[in-house]
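upload-v2.cif, holding mmCIF, N, CA and C atoms:
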data_work
loop_
_atom_site.group_PDB
_atom_site.id
_atom_site.type_symbol
_atom_site.label_atom_id
_atom_site.label_comp_id
_atom_site.auth_asym_id
_atom_site.auth_seq_id
_atom_site.Cartn_x
_atom_site.Cartn_y
_atom_site.Cartn_z
ATOM 1 N N MET I 770 74.999 100.024 83.988
ATOM 2 C CA MET I 770 74.763 100.629 85.293
ATOM 3 C C MET I 770 75.168 102.102 85.244
ATOM 4 N N ASN I 771 74.378 102.915 85.841
ATOM 5 C CA ASN I 771 74.674 104.340 85.963
ATOM 6 C C ASN I 771 76.012 104.507 86.684
ATOM 7 N N PRO I 772 76.945 105.321 86.142
ATOM 8 C CA PRO I 772 78.244 105.462 86.793
ATOM 9 C C PRO I 772 78.175 106.045 88.197
ATOM 10 N N PHE I 773 77.070 106.698 88.540
ATOM 11 C CA PHE I 773 76.946 107.286 89.874
ATOM 12 C C PHE I 773 76.332 106.305 90.871
ATOM 13 N N GLN I 774 75.824 105.174 90.380
ATOM 14 C CA GLN I 774 75.302 104.146 91.273
ATOM 15 C C GLN I 774 76.446 103.221 91.664
ATOM 16 N N GLN I 775 76.398 102.747 92.874
ATOM 17 C CA GLN I 775 77.405 101.814 93.353
ATOM 18 C C GLN I 775 76.755 100.469 93.600
ATOM 19 N N SER I 776 77.452 99.417 93.279
ATOM 20 C CA SER I 776 76.946 98.082 93.593
ATOM 21 C C SER I 776 76.965 97.905 95.104
ATOM 22 N N PRO I 777 76.119 97.022 95.631
ATOM 23 C CA PRO I 777 76.151 96.759 97.072
ATOM 24 C C PRO I 777 77.533 96.315 97.543
ATOM 25 N N ALA I 778 78.229 95.522 96.740
ATOM 26 C CA ALA I 778 79.575 95.062 97.114
ATOM 27 C C ALA I 778 80.545 96.239 97.203
ATOM 28 N N ALA I 779 80.464 97.160 96.247
ATOM 29 C CA ALA I 779 81.348 98.329 96.270
ATOM 30 C C ALA I 779 81.030 99.217 97.467
ATOM 31 N N MET I 780 79.748 99.362 97.787
ATOM 32 C CA MET I 780 79.376 100.185 98.939
ATOM 33 C C MET I 780 79.885 99.564 100.237
ATOM 34 N N LEU I 781 79.758 98.244 100.374
ATOM 35 C CA LEU I 781 80.256 97.549 101.550
ATOM 36 C C LEU I 781 81.779 97.677 101.647
ATOM 37 N N LEU I 782 82.436 97.486 100.526
ATOM 38 C CA LEU I 782 83.892 97.596 100.495
ATOM 39 C C LEU I 782 84.341 98.994 100.894
ATOM 40 N N ARG I 783 83.663 100.013 100.379
ATOM 41 C CA ARG I 783 84.023 101.389 100.728
ATOM 42 C C ARG I 783 83.794 101.653 102.222
ATOM 43 N N ASP I 784 82.679 101.152 102.758
ATOM 44 C CA ASP I 784 82.409 101.313 104.192
ATOM 45 C C ASP I 784 83.503 100.659 105.030
ATOM 46 N N GLN I 785 83.919 99.462 104.645
ATOM 47 C CA GLN I 785 84.973 98.768 105.379
ATOM 48 C C GLN I 785 86.309 99.494 105.250
ATOM 49 N N PHE I 786 86.577 100.012 104.070
ATOM 50 C CA PHE I 786 87.806 100.764 103.835
ATOM 51 C C PHE I 786 87.810 102.024 104.706
ATOM 52 N N GLN I 787 86.659 102.686 104.806
ATOM 53 C CA GLN I 787 86.566 103.893 105.631
ATOM 54 C C GLN I 787 86.731 103.566 107.109
ATOM 55 N N ALA I 788 86.241 102.405 107.545
ATOM 56 C CA ALA I 788 86.444 101.980 108.937
ATOM 57 C C ALA I 788 87.930 101.779 109.205
ATOM 58 N N LEU I 789 88.618 101.120 108.291
ATOM 59 C CA LEU I 789 90.063 100.934 108.443
ATOM 60 C C LEU I 789 90.780 102.282 108.447
ATOM 61 N N ASP I 790 90.375 103.161 107.570
ATOM 62 C CA ASP I 790 90.997 104.486 107.492
ATOM 63 C C ASP I 790 90.807 105.252 108.799
ATOM 64 N N SER I 791 89.635 105.137 109.390
ATOM 65 C CA SER I 791 89.357 105.820 110.654
ATOM 66 C C SER I 791 90.232 105.291 111.786
ATOM 67 N N ILE I 792 90.324 103.977 111.891
ATOM 68 C CA ILE I 792 91.165 103.381 112.928
ATOM 69 C C ILE I 792 92.633 103.702 112.667
ATOM 70 N N SER I 793 93.029 103.703 111.403
ATOM 71 C CA SER I 793 94.411 104.049 111.057
ATOM 72 C C SER I 793 94.741 105.471 111.483
ATOM 73 N N ALA I 794 93.792 106.384 111.300
ATOM 74 C CA ALA I 794 94.010 107.773 111.724
ATOM 75 C C ALA I 794 94.166 107.847 113.236
ATOM 76 N N GLU I 795 93.350 107.078 113.955
ATOM 77 C CA GLU I 795 93.430 107.053 115.412
ATOM 78 C C GLU I 795 94.799 106.566 115.886
ATOM 79 N N LEU I 796 95.386 105.635 115.122
ATOM 80 C CA LEU I 796 96.688 105.080 115.482
ATOM 81 C C LEU I 796 97.841 105.793 114.783
ATOM 82 N N ALA I 797 97.527 106.843 114.044
ATOM 83 C CA ALA I 797 98.521 107.637 113.308
ATOM 84 C C ALA I 797 99.277 106.797 112.278
ATOM 85 N N LEU I 798 98.547 105.920 111.577
ATOM 86 C CA LEU I 798 99.150 105.130 110.515
ATOM 87 C C LEU I 798 98.940 105.849 109.191
ATOM 88 N N ASP I 799 99.987 105.999 108.430
ATOM 89 C CA ASP I 799 99.882 106.692 107.150
ATOM 90 C C ASP I 799 99.395 105.739 106.049
ATOM 91 N N GLU I 800 99.185 106.297 104.862
ATOM 92 C CA GLU I 800 98.683 105.494 103.744
ATOM 93 C C GLU I 800 99.650 104.386 103.366
ATOM 94 N N GLU I 801 100.935 104.635 103.477
ATOM 95 C CA GLU I 801 101.921 103.600 103.141
ATOM 96 C C GLU I 801 101.740 102.394 104.059
ATOM 97 N N ARG I 802 101.530 102.638 105.323
ATOM 98 C CA ARG I 802 101.316 101.531 106.272
ATOM 99 C C ARG I 802 100.007 100.810 105.950
ATOM 100 N N GLN I 803 98.962 101.549 105.613
ATOM 101 C CA GLN I 803 97.700 100.919 105.221
ATOM 102 C C GLN I 803 97.904 100.040 103.991
ATOM 103 N N ARG I 804 98.639 100.555 103.030
ATOM 104 C CA ARG I 804 98.908 99.799 101.799
ATOM 105 C C ARG I 804 99.581 98.478 102.122
ATOM 106 N N ARG I 805 100.577 98.528 102.982
ATOM 107 C CA ARG I 805 101.306 97.311 103.340
ATOM 108 C C ARG I 805 100.422 96.347 104.136
ATOM 109 N N ILE I 806 99.623 96.871 105.056
ATOM 110 C CA ILE I 806 98.727 96.025 105.849
ATOM 111 C C ILE I 806 97.741 95.294 104.941
ATOM 112 N N LEU I 807 97.283 95.967 103.904
ATOM 113 C CA LEU I 807 96.304 95.375 102.984
ATOM 114 C C LEU I 807 96.940 94.572 101.853
ATOM 115 N N LEU I 808 98.274 94.496 101.840
ATOM 116 C CA LEU I 808 99.004 93.723 100.826
ATOM 117 C C LEU I 808 98.707 94.194 99.403
ATOM 118 N N ILE I 809 98.642 95.507 99.232
ATOM 119 C CA ILE I 809 98.393 96.092 97.910
ATOM 120 C C ILE I 809 99.720 96.636 97.389
ATOM 121 N N ASP I 810 100.047 96.299 96.132
ATOM 122 C CA ASP I 810 101.320 96.782 95.607
ATOM 123 C C ASP I 810 101.280 98.280 95.333
ATOM 124 N N ARG I 811 102.447 98.854 95.229
ATOM 125 C CA ARG I 811 102.563 100.316 95.063
ATOM 126 C C ARG I 811 101.845 100.828 93.817
ATOM 127 N N GLN I 812 101.847 100.055 92.743
ATOM 128 C CA GLN I 812 101.215 100.499 91.507
ATOM 129 C C GLN I 812 99.691 100.525 91.635
ATOM 130 N N ALA I 813 99.120 99.615 92.411
ATOM 131 C CA ALA I 813 97.657 99.545 92.563
ATOM 132 C C ALA I 813 97.139 100.502 93.631
ATOM 133 N N TRP I 814 97.990 100.925 94.566
ATOM 134 C CA TRP I 814 97.518 101.742 95.684
ATOM 135 C C TRP I 814 96.811 103.034 95.264
ATOM 136 N N PRO I 815 97.316 103.791 94.290
ATOM 137 C CA PRO I 815 96.604 105.035 93.925
ATOM 138 C C PRO I 815 95.148 104.793 93.518
ATOM 139 N N GLN I 816 94.878 103.667 92.857
ATOM 140 C CA GLN I 816 93.497 103.350 92.480
ATOM 141 C C GLN I 816 92.640 103.111 93.717
ATOM 142 N N TRP I 817 93.195 102.429 94.720
ATOM 143 C CA TRP I 817 92.447 102.173 95.949
ATOM 144 C C TRP I 817 92.272 103.443 96.764
ATOM 145 N N ALA I 818 93.271 104.305 96.751
ATOM 146 C CA ALA I 818 93.148 105.588 97.454
ATOM 147 C C ALA I 818 92.039 106.428 96.804
ATOM 148 N N ARG I 819 91.955 106.413 95.466
ATOM 149 C CA ARG I 819 90.870 107.125 94.767
ATOM 150 C C ARG I 819 89.522 106.498 95.092
ATOM 151 N N PHE I 820 89.478 105.169 95.155
ATOM 152 C CA PHE I 820 88.237 104.482 95.506
ATOM 153 C C PHE I 820 87.738 104.946 96.872
ATOM 154 N N LEU I 821 88.635 105.074 97.831
ATOM 155 C CA LEU I 821 88.254 105.529 99.166
ATOM 156 C C LEU I 821 87.623 106.918 99.106
ATOM 157 N N ARG I 822 88.058 107.745 98.157
ATOM 158 C CA ARG I 822 87.520 109.099 97.991
ATOM 159 C C ARG I 822 86.425 109.114 96.917
ATOM 160 N N ASN I 823 85.643 108.025 96.847
ATOM 161 C CA ASN I 823 84.489 107.900 95.937
ATOM 162 C C ASN I 823 84.851 107.700 94.477
ATOM 163 N N GLY I 824 86.044 107.211 94.197
ATOM 164 C CA GLY I 824 86.429 106.884 92.830
ATOM 165 C C GLY I 824 85.894 105.520 92.420
ATOM 166 N N PRO I 825 86.236 105.091 91.220
ATOM 167 C CA PRO I 825 85.765 103.796 90.727
ATOM 168 C C PRO I 825 86.429 102.635 91.478
ATOM 169 N N LEU I 826 85.751 101.521 91.490
ATOM 170 C CA LEU I 826 86.242 100.315 92.144
ATOM 171 C C LEU I 826 87.345 99.689 91.304
ATOM 172 N N PRO I 827 88.540 99.524 91.853
ATOM 173 C CA PRO I 827 89.617 98.850 91.115
ATOM 174 C C PRO I 827 89.290 97.375 90.881
ATOM 175 N N ALA I 828 89.836 96.824 89.828
ATOM 176 C CA ALA I 828 89.569 95.425 89.486
ATOM 177 C C ALA I 828 90.367 94.456 90.370
ATOM 178 N N GLN I 829 91.546 94.868 90.787
ATOM 179 C CA GLN I 829 92.418 93.977 91.556
ATOM 180 C C GLN I 829 92.918 94.652 92.804
ATOM 181 N N PRO I 830 93.041 93.954 93.880
ATOM 182 C CA PRO I 830 92.520 92.619 94.149
ATOM 183 C C PRO I 830 91.002 92.610 94.078
ATOM 184 N N ALA I 831 90.453 91.447 93.832
ATOM 185 C CA ALA I 831 89.008 91.284 93.685
ATOM 186 C C ALA I 831 88.288 91.635 94.987
ATOM 187 N N VAL I 832 87.002 91.970 94.866
ATOM 188 C CA VAL I 832 86.195 92.395 96.016
ATOM 189 C C VAL I 832 86.238 91.393 97.176
ATOM 190 N N PRO I 833 86.022 90.085 96.938
ATOM 191 C CA PRO I 833 86.053 89.164 98.089
ATOM 192 C C PRO I 833 87.413 89.150 98.795
ATOM 193 N N VAL I 834 88.467 89.242 98.035
ATOM 194 C CA VAL I 834 89.824 89.270 98.619
ATOM 195 C C VAL I 834 89.995 90.522 99.458
ATOM 196 N N MET I 835 89.592 91.665 98.922
ATOM 197 C CA MET I 835 89.747 92.921 99.667
ATOM 198 C C MET I 835 88.867 92.943 100.912
ATOM 199 N N LEU I 836 87.667 92.388 100.829
ATOM 200 C CA LEU I 836 86.815 92.348 102.020
ATOM 201 C C LEU I 836 87.469 91.535 103.131
ATOM 202 N N ARG I 837 88.063 90.403 102.774
ATOM 203 C CA ARG I 837 88.753 89.588 103.792
ATOM 204 C C ARG I 837 89.950 90.335 104.363
ATOM 205 N N ARG I 838 90.724 90.970 103.503
ATOM 206 C CA ARG I 838 91.890 91.726 103.973
ATOM 207 C C ARG I 838 91.474 92.881 104.880
ATOM 208 N N LEU I 839 90.447 93.605 104.462
ATOM 209 C CA LEU I 839 89.975 94.738 105.264
ATOM 210 C C LEU I 839 89.420 94.283 106.607
ATOM 211 N N ALA I 840 88.658 93.197 106.607
ATOM 212 C CA ALA I 840 88.095 92.694 107.863
ATOM 213 C C ALA I 840 89.207 92.293 108.825
ATOM 214 N N ALA I 841 90.184 91.560 108.322
ATOM 215 C CA ALA I 841 91.287 91.113 109.183
ATOM 216 C C ALA I 841 92.090 92.296 109.701
ATOM 217 N N ALA I 842 92.415 93.237 108.816
ATOM 218 C CA ALA I 842 93.218 94.402 109.215
ATOM 219 C C ALA I 842 92.455 95.285 110.195
ATOM 220 N N THR I 843 91.186 95.501 109.945
ATOM 221 C CA THR I 843 90.386 96.349 110.826
ATOM 222 C C THR I 843 90.277 95.715 112.211
ATOM 223 N N PHE I 844 90.070 94.416 112.254
ATOM 224 C CA PHE I 844 89.993 93.730 113.546
ATOM 225 C C PHE I 844 91.309 93.859 114.315
ATOM 226 N N ARG I 845 92.418 93.589 113.639
ATOM 227 C CA ARG I 845 93.726 93.676 114.308
ATOM 228 C C ARG I 845 94.000 95.095 114.807
ATOM 229 N N LEU I 846 93.735 96.090 113.970
ATOM 230 C CA LEU I 846 94.011 97.476 114.368
ATOM 231 C C LEU I 846 93.053 97.943 115.459
ATOM 232 N N ALA I 847 91.798 97.495 115.413
ATOM 233 C CA ALA I 847 90.856 97.861 116.474
ATOM 234 C C ALA I 847 91.315 97.268 117.799
ATOM 235 N N SER I 848 91.864 96.072 117.776
ATOM 236 C CA SER I 848 92.395 95.456 118.994
ATOM 237 C C SER I 848 93.564 96.257 119.539
ATOM 238 N N VAL I 849 94.445 96.699 118.662
ATOM 239 C CA VAL I 849 95.586 97.522 119.078
ATOM 240 C C VAL I 849 95.089 98.842 119.657
ATOM 241 N N ALA I 850 94.132 99.477 118.986
ATOM 242 C CA ALA I 850 93.604 100.761 119.470
ATOM 243 C C ALA I 850 92.950 100.598 120.830
ATOM 244 N N GLU I 851 92.254 99.487 121.030
ATOM 245 C CA GLU I 851 91.607 99.249 122.316
ATOM 246 C C GLU I 851 92.642 99.080 123.431
ATOM 247 N N ARG I 852 93.720 98.381 123.147
ATOM 248 C CA ARG I 852 94.783 98.209 124.154
ATOM 249 C C ARG I 852 95.429 99.534 124.486
ATOM 250 N N HIS I 853 95.588 100.397 123.498
ATOM 251 C CA HIS I 853 96.191 101.720 123.732
ATOM 252 C C HIS I 853 95.271 102.620 124.539
ATOM 253 N N ALA I 854 93.969 102.382 124.457
ATOM 254 C CA ALA I 854 92.999 103.219 125.167
ATOM 255 C C ALA I 854 92.965 102.900 126.654
ATOM 256 N N HIS I 855 93.429 101.724 127.027
ATOM 257 C CA HIS I 855 93.362 101.321 128.447
ATOM 258 C C HIS I 855 94.653 101.585 129.158
#
Reformat the file's structure so that it appears as structure tokens.
Amino acid sequence: MNPFQQSPAAMLLRDQFQALDSISAELALDEERQRRILLIDRQAWPQWARFLRNGPLPAQPAVPVMLRRLAAATFRLASVAERHAH
């Protein structure tokens, strides 16, 4: 695969990660808080932070695991943001 092409799974994962990042910014959550919410260890976090900025997809946690974590975290944070807006 061309290194500049992204798999559909990687593109979806990046979109979900960016949604979480956007909501986190709205709630003033830093990267450390995002890391903890997503249950990513400190050693793996730099790879995920690079992925968010168009870097390569990290191997761990696996894509299905990260999609579930991102979906759950984004939903919870969106609920919190909505309560703060009212």
Which is closest to Phe820 of chain I among I:Gln787, I:Thr843, I:Ser793, I:Gln803, if we use only C-alpha atoms? I:Gln787
Result set of the PyMOL selection byres (((chain I and resi 796 and name CA) around 10) and name CA) on the coordinates above, as number ranges by chain: I: 790-795, 797-799, 846-847, 849-850, 853
Residues in the PyMOL selection byres (((chain I and resi 821-835 and name CA) around 12) and name CA), expressed as a VMD selection string: chain I and resid 772 to 791 800 804 806 to 810 812 to 820 836 to 843
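Distance-wise, atom CA of Arg802 of chain I and atom CA of Phe844 of chain I end up 15.6 Å apart.
Rounded to one decimal, atom CA of Ser848 of chain I and atom N of Arg811 of chain I lie 26.0 Å from each other.
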DSSP helix (DSSP H, G or I) residues within chain I, listed as a ChimeraX atom specification: /I:777-795,800-806,814-821,832-854
Exercise on segment 825-840 of chain I, axis-aligned box with 3 Å per side, report centre and edge lengths in Å to one decimal, as AutoDock Vina command-line options:
--center_x 89.4 --center_y 97.1 --center_z 99.2 --size_x 13.3 --size_y 21.9 --size_z 25.3
